[in-house]
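See structure below.
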Amino acid sequence: MNPYLDDDLTALGDHARRFATERIAPGFLERDKIRVLERQLMRDMGEMGFIAPELPEMHGGQGMGCLAAGVIHEEIARADLSISYINLLASLNGQILSQHGKPEVVQPWLQKLTRGEVLFAIALTEPRGGSDAANLRLRMERVGDEYVINGEKTSISAADQADAAVVFGRTGPVESGAHGVTALLVPMELPGVTRNRFDCHGQRAIGRGSLFFENVRVPVSHRLGAENKGFVQVMQGFDFSRALIGLQVLAVARAALEETWGYVAQREAFGKPLSAFQGVSHPLADFDTQVSAARLLCLQTLWLKDKGAPHSAEAAMCKWWAPKLAYDAIHQCLLMFGHGGYDRGVMEQRLRDVLGFQIGDGTAQIMKTIVARTRAGRDAVPA
Ligand SMILES: Cc1cc2nc3c(=O)[nH]c(=O)nc-3n(C[C@H](O)[C@H](O)[C@H](O)COP(=O)(O)OP(=O)(O)OC[C@H]3O[C@@H](n4cnc5c(N)ncnc54)[C@H](O)[C@@H]3O)c2cc1C
């Protein structure tokens with residue numbers, strides 16, 4: 001019980017957990033090896049209504065609110081963090097497409113997105129850097145009714161598995177910074193698009209890679225928001241994904257803690273259960289406390305979003321705190337399993353999986369700068 005989740009949302013979470021336990025959890029270890037998201041599983045998730053349920057019905061969603069998306073998201077992540085990228089990318093991109101796209105262009109994509117028939121990537125980071133995101137250089141040149149794209153995006157989740165991507169590029173001069181950036185919907189099968197796959201530490205089923213654009217021609221109708229307003233208008237969606245990422249990694253930490261409590265209560269040393277030793281139980285109690293608190297912050301952030309209230313600082317808090325906390329908590333759990341924790345298996349995979357979110361979608365330093373700017377004002381906290 002908590003103040004953000006009523007009976008309906010709790011029942012939705014139970015429903016998602018049953019599906020995730022039966023359909024997603026059994027393939028968790030195998031997916032790390034084969035490194036592929038099963039398309040049938042994605043379609044089944046769509047059929048269950050688990051993908052971007054917060055979108056209005058006219059856009060293929062169920063108008064359920066962001067808390068509902070969060071509740072489903074954490075149950076999918078608990079079973080396999082890589083699979084929950086399907087939810088994360090759909091919610092982030094779905095919001096961008098539905099709010100900033102031309103209906104005749106984005107509607108068919110949104111329908112397929114929520115049915116689990118297509119996967120969208122989001123392409124912002126470039127080889128020269130990701131933190132200073134507004135300083136991007138990928139060229140988008142307007143030629144008649146088209147934009148011609150040249151350049152590279154890198155470290156993009158699902159780069160080689162996505163069917164389309166929301167791509168941010170430069171349409172204004174470099175000096176215009178954030179005010180010269182435009183966002184486009186780019187189908188990945190267009191001529192001139194090539195991609196690769198990195199050998200990632202974790203999150204291996206979703207993977208990351210680079211997208212290369214060589215004279216890729218995209219109709220102007222595929223623009224999301226106004227020209228040169230991609231950064232200012234379209235980037236707002238990241239507050240949503242930051243709260244979702246918090247729930248995503250904390251769900252993995254909660255699963256690790258539950259298993260570890262069970263283990264230390266039954267494994268014995270010196271004639272007692274391990275949990276009888278405060279050196280074992282107190283660190284777990286510390287992490288359990290902090291994970292519970294961080295989860296409430298994530299739920300509160302989604303609640304604020306559902307209410308239409310400001311939530312940028314809270315979202316940035318979720319994004320820096322939860323991934324670090326989840327990593328530290330799972331690390332502690334792994335140690336409690338002794339030598340067994342060091343073997344390849346669920347605990348070490350969880351540790352590898354959550355680590356990526358201390359970097360992806362913005363590092364802790366950048367998130368803390370957002371919090372500081374919200375509190376002290378932008379002028380007082382220059383980049
Ligand atoms: C698992 C994963 C998934 C990702 N998925 C995507 C994706 O789908 N789409 C996408 O576009 N990108 C994605 N990324 C890229 C990610 O967003 C960037 O890696 C991130 O923004 C940091 O950029 P960078 O790696 O270039 O580091 P840099 O910007 O080079 O920063 C390096 C270090 O310097 C610190 N630093 C930089 N500037 C400051 C400052 N002003 N103050 C203090 N410290 C600073 C950073 O915090 C970091 O520790 C993903 C990355 C990972 C690891």
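Chain labels run A, B, ... following the order of the structure tokens; each chain numbers its residues from 1, and ligands are numbered from 1 in the order shown.
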
Requested in this report: Give the residue list for ligand 1 at 8 Å, counting only C-alpha atoms and all ligand atoms, as number ranges by chain, sorted by chain and then by residue number.
Outcome: A: 121-133, 153-159, 202-203, 207-208, 355-366, 369, 383

Requested in this report: Would you list the contacts of Arg142 (chain A) as a count of residues only, taking every protein, DNA or RNA residue within 10 Å and counting only C-alpha atoms, but skipping same-chain residues closer than 3 positions in sequence?
Outcome: 12

Enumerate, in order of chain and increasing residue number, the residues of region 80-116 of chain A with an atom no farther than 7 Å from region 237-240 of chain A, each with its shortest atom pair and distance in Å to one decimal, counting only C-alpha atoms, as CSV.
```
residue,atom,partner,partner_atom,distance
A:Leu92,CA,A:Gly237,CA,6.1
A:Gln95,CA,A:Gly237,CA,6.6
A:Ile96,CA,A:Gly237,CA,6.5
```

Quick one: write out the picked residues with all heavy atoms as a PDB file, in the first residue's frame?
```
ATOM      1  N   LEU A  92       8.572   7.156 -24.180  1.00  0.00           N
ATOM      2  CA  LEU A  92       9.315   8.382 -24.505  1.00  0.00           C
ATOM      3  C   LEU A  92       9.019   8.832 -25.935  1.00  0.00           C
ATOM      4  O   LEU A  92       8.638   9.978 -26.187  1.00  0.00           O
ATOM      5  CB  LEU A  92      10.821   8.123 -24.313  1.00  0.00           C
ATOM      6  CG  LEU A  92      11.771   9.252 -24.701  1.00  0.00           C
ATOM      7  CD1 LEU A  92      11.455  10.538 -23.956  1.00  0.00           C
ATOM      8  CD2 LEU A  92      13.222   8.843 -24.429  1.00  0.00           C
ATOM      9  N   GLN A  95       5.231   9.789 -26.644  1.00  0.00           N
ATOM     10  CA  GLN A  95       4.874  11.138 -26.198  1.00  0.00           C
ATOM     11  C   GLN A  95       5.355  12.187 -27.206  1.00  0.00           C
ATOM     12  O   GLN A  95       4.635  13.109 -27.565  1.00  0.00           O
ATOM     13  CB  GLN A  95       5.499  11.392 -24.829  1.00  0.00           C
ATOM     14  CG  GLN A  95       5.227  12.777 -24.300  1.00  0.00           C
ATOM     15  CD  GLN A  95       5.702  12.930 -22.864  1.00  0.00           C
ATOM     16  OE1 GLN A  95       5.122  12.401 -21.934  1.00  0.00           O
ATOM     17  NE2 GLN A  95       6.784  13.657 -22.699  1.00  0.00           N
ATOM     18  N   ILE A  96       6.576  12.007 -27.697  1.00  0.00           N
ATOM     19  CA  ILE A  96       7.134  12.963 -28.665  1.00  0.00           C
ATOM     20  C   ILE A  96       6.317  12.941 -29.960  1.00  0.00           C
ATOM     21  O   ILE A  96       5.920  13.989 -30.484  1.00  0.00           O
ATOM     22  CB  ILE A  96       8.619  12.617 -28.948  1.00  0.00           C
ATOM     23  CG1 ILE A  96       9.463  12.881 -27.699  1.00  0.00           C
ATOM     24  CG2 ILE A  96       9.139  13.411 -30.137  1.00  0.00           C
ATOM     25  CD1 ILE A  96      10.912  12.416 -27.804  1.00  0.00           C
TER      26      ILE A  96
END
```

Report summary line: From CA of Met140 (chain A) to CA of Val193 (chain A) the spacing works out at 13.8 Å

For region 105-117 of chain A, please output as a PDB file with N, CA and C atoms, in the first residue's frame all residues within 9 Å (counting only C-alpha atoms; exclusion window: fewer than 6 positions along the same chain).
```pdb
ATOM      1  N   ARG A  39      10.387 -10.512 -31.136  1.00  0.00           N
ATOM      2  CA  ARG A  39       9.306  -9.678 -31.685  1.00  0.00           C
ATOM      3  C   ARG A  39       7.924 -10.202 -31.288  1.00  0.00           C
ATOM      4  N   GLN A  40       7.788 -11.540 -31.176  1.00  0.00           N
ATOM      5  CA  GLN A  40       6.480 -12.077 -30.790  1.00  0.00           C
ATOM      6  C   GLN A  40       6.133 -11.657 -29.360  1.00  0.00           C
ATOM      7  N   LEU A  41       7.141 -11.663 -28.493  1.00  0.00           N
ATOM      8  CA  LEU A  41       6.922 -11.239 -27.106  1.00  0.00           C
ATOM      9  C   LEU A  41       6.493  -9.770 -27.068  1.00  0.00           C
ATOM     10  N   MET A  42       7.126  -8.974 -27.910  1.00  0.00           N
ATOM     11  CA  MET A  42       6.787  -7.545 -27.985  1.00  0.00           C
ATOM     12  C   MET A  42       5.320  -7.377 -28.439  1.00  0.00           C
ATOM     13  N   ARG A  43       4.941  -8.156 -29.435  1.00  0.00           N
ATOM     14  CA  ARG A  43       3.544  -8.072 -29.916  1.00  0.00           C
ATOM     15  C   ARG A  43       2.571  -8.537 -28.828  1.00  0.00           C
ATOM     16  N   ASP A  44       2.964  -9.556 -28.080  1.00  0.00           N
ATOM     17  CA  ASP A  44       2.095 -10.032 -26.990  1.00  0.00           C
ATOM     18  C   ASP A  44       1.950  -8.959 -25.910  1.00  0.00           C
ATOM     19  N   MET A  45       3.034  -8.255 -25.641  1.00  0.00           N
ATOM     20  CA  MET A  45       2.960  -7.157 -24.658  1.00  0.00           C
ATOM     21  C   MET A  45       2.015  -6.068 -25.171  1.00  0.00           C
ATOM     22  N   GLY A  46       2.079  -5.815 -26.472  1.00  0.00           N
ATOM     23  CA  GLY A  46       1.175  -4.834 -27.070  1.00  0.00           C
ATOM     24  C   GLY A  46      -0.275  -5.279 -26.950  1.00  0.00           C
ATOM     25  N   GLU A  47      -0.504  -6.553 -27.219  1.00  0.00           N
ATOM     26  CA  GLU A  47      -1.874  -7.085 -27.147  1.00  0.00           C
ATOM     27  C   GLU A  47      -2.433  -7.000 -25.725  1.00  0.00           C
ATOM     28  N   MET A  48      -1.556  -7.150 -24.737  1.00  0.00           N
ATOM     29  CA  MET A  48      -1.990  -7.051 -23.335  1.00  0.00           C
ATOM     30  C   MET A  48      -2.250  -5.596 -22.926  1.00  0.00           C
ATOM     31  N   GLY A  49      -1.881  -4.649 -23.790  1.00  0.00           N
ATOM     32  CA  GLY A  49      -2.075  -3.229 -23.456  1.00  0.00           C
ATOM     33  C   GLY A  49      -0.966  -2.681 -22.586  1.00  0.00           C
ATOM     34  N   PHE A  50       0.210  -3.341 -22.606  1.00  0.00           N
ATOM     35  CA  PHE A  50       1.303  -2.954 -21.705  1.00  0.00           C
ATOM     36  C   PHE A  50       2.223  -1.879 -22.288  1.00  0.00           C
ATOM     37  N   ILE A  51       2.071  -1.555 -23.564  1.00  0.00           N
ATOM     38  CA  ILE A  51       3.019  -0.621 -24.186  1.00  0.00           C
ATOM     39  C   ILE A  51       2.382   0.762 -24.308  1.00  0.00           C
ATOM     40  N   ALA A  52       2.997   1.743 -23.663  1.00  0.00           N
ATOM     41  CA  ALA A  52       2.534   3.140 -23.666  1.00  0.00           C
ATOM     42  C   ALA A  52       1.031   3.265 -23.387  1.00  0.00           C
ATOM     43  N   PRO A  53       0.537   2.694 -22.278  1.00  0.00           N
ATOM     44  CA  PRO A  53      -0.894   2.765 -21.965  1.00  0.00           C
ATOM     45  C   PRO A  53      -1.344   4.186 -21.655  1.00  0.00           C
ATOM     46  N   LEU A  55      -0.832   6.804 -23.466  1.00  0.00           N
ATOM     47  CA  LEU A  55      -1.213   7.583 -24.652  1.00  0.00           C
ATOM     48  C   LEU A  55      -2.732   7.601 -24.784  1.00  0.00           C
ATOM     49  N   MET A  58      -6.895   7.698 -29.134  1.00  0.00           N
ATOM     50  CA  MET A  58      -6.751   8.053 -30.558  1.00  0.00           C
ATOM     51  C   MET A  58      -5.320   7.814 -31.060  1.00  0.00           C
ATOM     52  N   HIS A  59      -4.377   7.714 -30.141  1.00  0.00           N
ATOM     53  CA  HIS A  59      -2.990   7.446 -30.539  1.00  0.00           C
ATOM     54  C   HIS A  59      -2.600   5.995 -30.246  1.00  0.00           C
ATOM     55  N   GLY A  60      -3.575   5.146 -30.000  1.00  0.00           N
ATOM     56  CA  GLY A  60      -3.284   3.726 -29.810  1.00  0.00           C
ATOM     57  C   GLY A  60      -3.129   3.319 -28.362  1.00  0.00           C
ATOM     58  N   GLY A  61      -3.131   4.295 -27.437  1.00  0.00           N
ATOM     59  CA  GLY A  61      -2.984   3.968 -26.020  1.00  0.00           C
ATOM     60  C   GLY A  61      -4.331   3.737 -25.357  1.00  0.00           C
ATOM     61  N   ILE A  86      11.452  -1.840 -24.099  1.00  0.00           N
ATOM     62  CA  ILE A  86      10.331  -1.723 -25.061  1.00  0.00           C
ATOM     63  C   ILE A  86       9.339  -0.697 -24.526  1.00  0.00           C
ATOM     64  N   ALA A  90       8.954   3.178 -25.968  1.00  0.00           N
ATOM     65  CA  ALA A  90       7.619   3.469 -26.520  1.00  0.00           C
ATOM     66  C   ALA A  90       6.988   4.664 -25.807  1.00  0.00           C
ATOM     67  N   GLY A  94       6.615   7.735 -27.922  1.00  0.00           N
ATOM     68  CA  GLY A  94       5.166   7.903 -28.145  1.00  0.00           C
ATOM     69  C   GLY A  94       4.704   9.295 -27.746  1.00  0.00           C
ATOM     70  N   LEU A  97       6.047  11.748 -30.477  1.00  0.00           N
ATOM     71  CA  LEU A  97       5.315  11.642 -31.747  1.00  0.00           C
ATOM     72  C   LEU A  97       3.905  12.206 -31.607  1.00  0.00           C
ATOM     73  N   SER A  98       3.226  11.832 -30.527  1.00  0.00           N
ATOM     74  CA  SER A  98       1.813  12.236 -30.395  1.00  0.00           C
ATOM     75  C   SER A  98       1.684  13.733 -30.161  1.00  0.00           C
ATOM     76  N   LEU A 185      11.340  12.253 -37.507  1.00  0.00           N
ATOM     77  CA  LEU A 185      11.032  10.819 -37.460  1.00  0.00           C
ATOM     78  C   LEU A 185      11.722  10.191 -38.673  1.00  0.00           C
ATOM     79  N   SER A 221       7.430  16.551 -43.877  1.00  0.00           N
ATOM     80  CA  SER A 221       6.245  16.154 -43.094  1.00  0.00           C
ATOM     81  C   SER A 221       6.627  15.309 -41.875  1.00  0.00           C
ATOM     82  N   HIS A 222       7.841  14.744 -41.869  1.00  0.00           N
ATOM     83  CA  HIS A 222       8.283  13.893 -40.757  1.00  0.00           C
ATOM     84  C   HIS A 222       8.926  14.688 -39.622  1.00  0.00           C
TER      85      HIS A 222
END
```

Requested in this report: List every residue of region 44-213 of chain A that DSSP, applied to the backbone of this structure, assigns to strand (DSSP E or B), and report them as an MDAnalysis selection string.
Outcome: chainID A and resid 120:123 126 129 139:143 146:157 164:170 181:187 193:195 208:213

I'd like the contact shell of region 8-22 of chain A - 9 Å cut-off, only C-alpha atoms, skipping same-chain residues fewer than 5 positions apart - returned as a short mmCIF file (atom, residue, chain, number, x, y, z; two decimals) with N, CA and C atoms, in the first residue's frame.
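After the write, out20.cif holds the following:
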```cif
data_model
loop_
_atom_site.label_atom_id
_atom_site.label_comp_id
_atom_site.auth_asym_id
_atom_site.auth_seq_id
_atom_site.Cartn_x
_atom_site.Cartn_y
_atom_site.Cartn_z
N MET A 1 0.85 -1.21 0.00
CA MET A 1 0.00 0.00 0.00
C MET A 1 0.88 1.25 0.00
N MET A 45 3.03 -8.26 -25.64
CA MET A 45 2.96 -7.16 -24.66
C MET A 45 2.01 -6.07 -25.17
N MET A 48 -1.56 -7.15 -24.74
CA MET A 48 -1.99 -7.05 -23.33
C MET A 48 -2.25 -5.60 -22.93
N PHE A 50 0.21 -3.34 -22.61
CA PHE A 50 1.30 -2.95 -21.71
C PHE A 50 2.22 -1.88 -22.29
N LEU A 67 1.21 7.02 -14.18
CA LEU A 67 1.41 6.08 -13.07
C LEU A 67 1.14 4.64 -13.52
N ALA A 68 0.13 4.47 -14.37
CA ALA A 68 -0.17 3.13 -14.88
C ALA A 68 1.00 2.62 -15.71
N VAL A 71 3.68 1.49 -13.28
CA VAL A 71 3.37 0.23 -12.60
C VAL A 71 3.67 -0.97 -13.50
N ILE A 72 3.29 -0.86 -14.76
CA ILE A 72 3.57 -1.95 -15.71
C ILE A 72 5.08 -2.05 -15.93
N HIS A 73 5.69 -0.89 -16.11
CA HIS A 73 7.12 -0.83 -16.43
C HIS A 73 7.95 -1.55 -15.36
N GLU A 74 7.64 -1.33 -14.09
CA GLU A 74 8.48 -1.95 -13.06
C GLU A 74 8.28 -3.47 -13.01
N GLU A 75 7.10 -3.93 -13.36
CA GLU A 75 6.90 -5.39 -13.36
C GLU A 75 7.64 -6.05 -14.52
N ILE A 76 7.68 -5.39 -15.67
CA ILE A 76 8.41 -5.95 -16.82
C ILE A 76 9.92 -5.92 -16.49
N ALA A 77 10.39 -4.81 -15.91
CA ALA A 77 11.82 -4.67 -15.60
C ALA A 77 12.27 -5.69 -14.57
N ARG A 78 11.40 -5.98 -13.64
CA ARG A 78 11.71 -6.97 -12.60
C ARG A 78 12.07 -8.32 -13.23
N ALA A 79 11.39 -8.63 -14.33
CA ALA A 79 11.65 -9.91 -15.01
C ALA A 79 12.86 -9.82 -15.94
N ASP A 80 13.02 -8.70 -16.64
CA ASP A 80 14.17 -8.51 -17.54
C ASP A 80 14.26 -7.04 -17.92
#
```

Requested in this report: Could you find all residues in region 49-277 of chain A that DSSP calls helix (DSSP H, G or I) from the backbone, and write them as a ChimeraX atom specification?
Outcome: /A:57-59,66-79,81-100,103-114,133-135,174-180,220-222,230-266,274-276

Query raised in the report: Near Gly246 (chain A), within 6 Å and counting only C-alpha atoms, which residues show up once chain neighbours fewer than 5 positions away are dropped, as a ChimeraX atom specification?
Result: /A:318-319,322

Just-selected residues, C-alpha atoms written as a CSV table (one decimal), in the first residue's frame:
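Full text of part21.csv as output:
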```
chain,number,residue,atom,x,y,z
A,318,CYS,CA,15.0,9.9,-9.8
A,319,LYS,CA,17.5,9.6,-12.6
A,322,ALA,CA,17.9,5.3,-8.4
```

**Report entry** Asn228 (chain A) surroundings by only C-alpha atoms, 7 Å radius, close-in-sequence under 4 positions cut, as number ranges by chain
**Finding:** A: 171-172, 179-182

Output file for the residues above (N, CA and C atoms, as a short mmCIF file (atom, residue, chain, number, x, y, z; two decimals), in the first residue's frame):
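And here is the file that came out, result-v4.cif:
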```
data_model
loop_
_atom_site.label_atom_id
_atom_site.label_comp_id
_atom_site.auth_asym_id
_atom_site.auth_seq_id
_atom_site.Cartn_x
_atom_site.Cartn_y
_atom_site.Cartn_z
N THR A 171 19.94 22.15 -37.73
CA THR A 171 19.40 22.87 -38.89
C THR A 171 19.85 24.33 -38.86
N GLY A 172 20.25 24.81 -37.69
CA GLY A 172 20.74 26.18 -37.57
C GLY A 172 22.25 26.18 -37.46
N HIS A 179 19.03 26.32 -29.98
CA HIS A 179 17.99 26.95 -30.80
C HIS A 179 18.16 26.67 -32.30
N GLY A 180 19.07 25.76 -32.63
CA GLY A 180 19.25 25.40 -34.04
C GLY A 180 19.13 23.89 -34.24
N VAL A 181 18.34 23.25 -33.38
CA VAL A 181 18.22 21.78 -33.42
C VAL A 181 16.79 21.40 -33.83
N THR A 182 16.70 20.43 -34.73
CA THR A 182 15.38 19.96 -35.21
C THR A 182 15.28 18.46 -34.98
#
```

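Our summary of the geometry notes that CA of Leu257 (chain A) is positioned 13.4 Å from CA of Glu348 (chain A).
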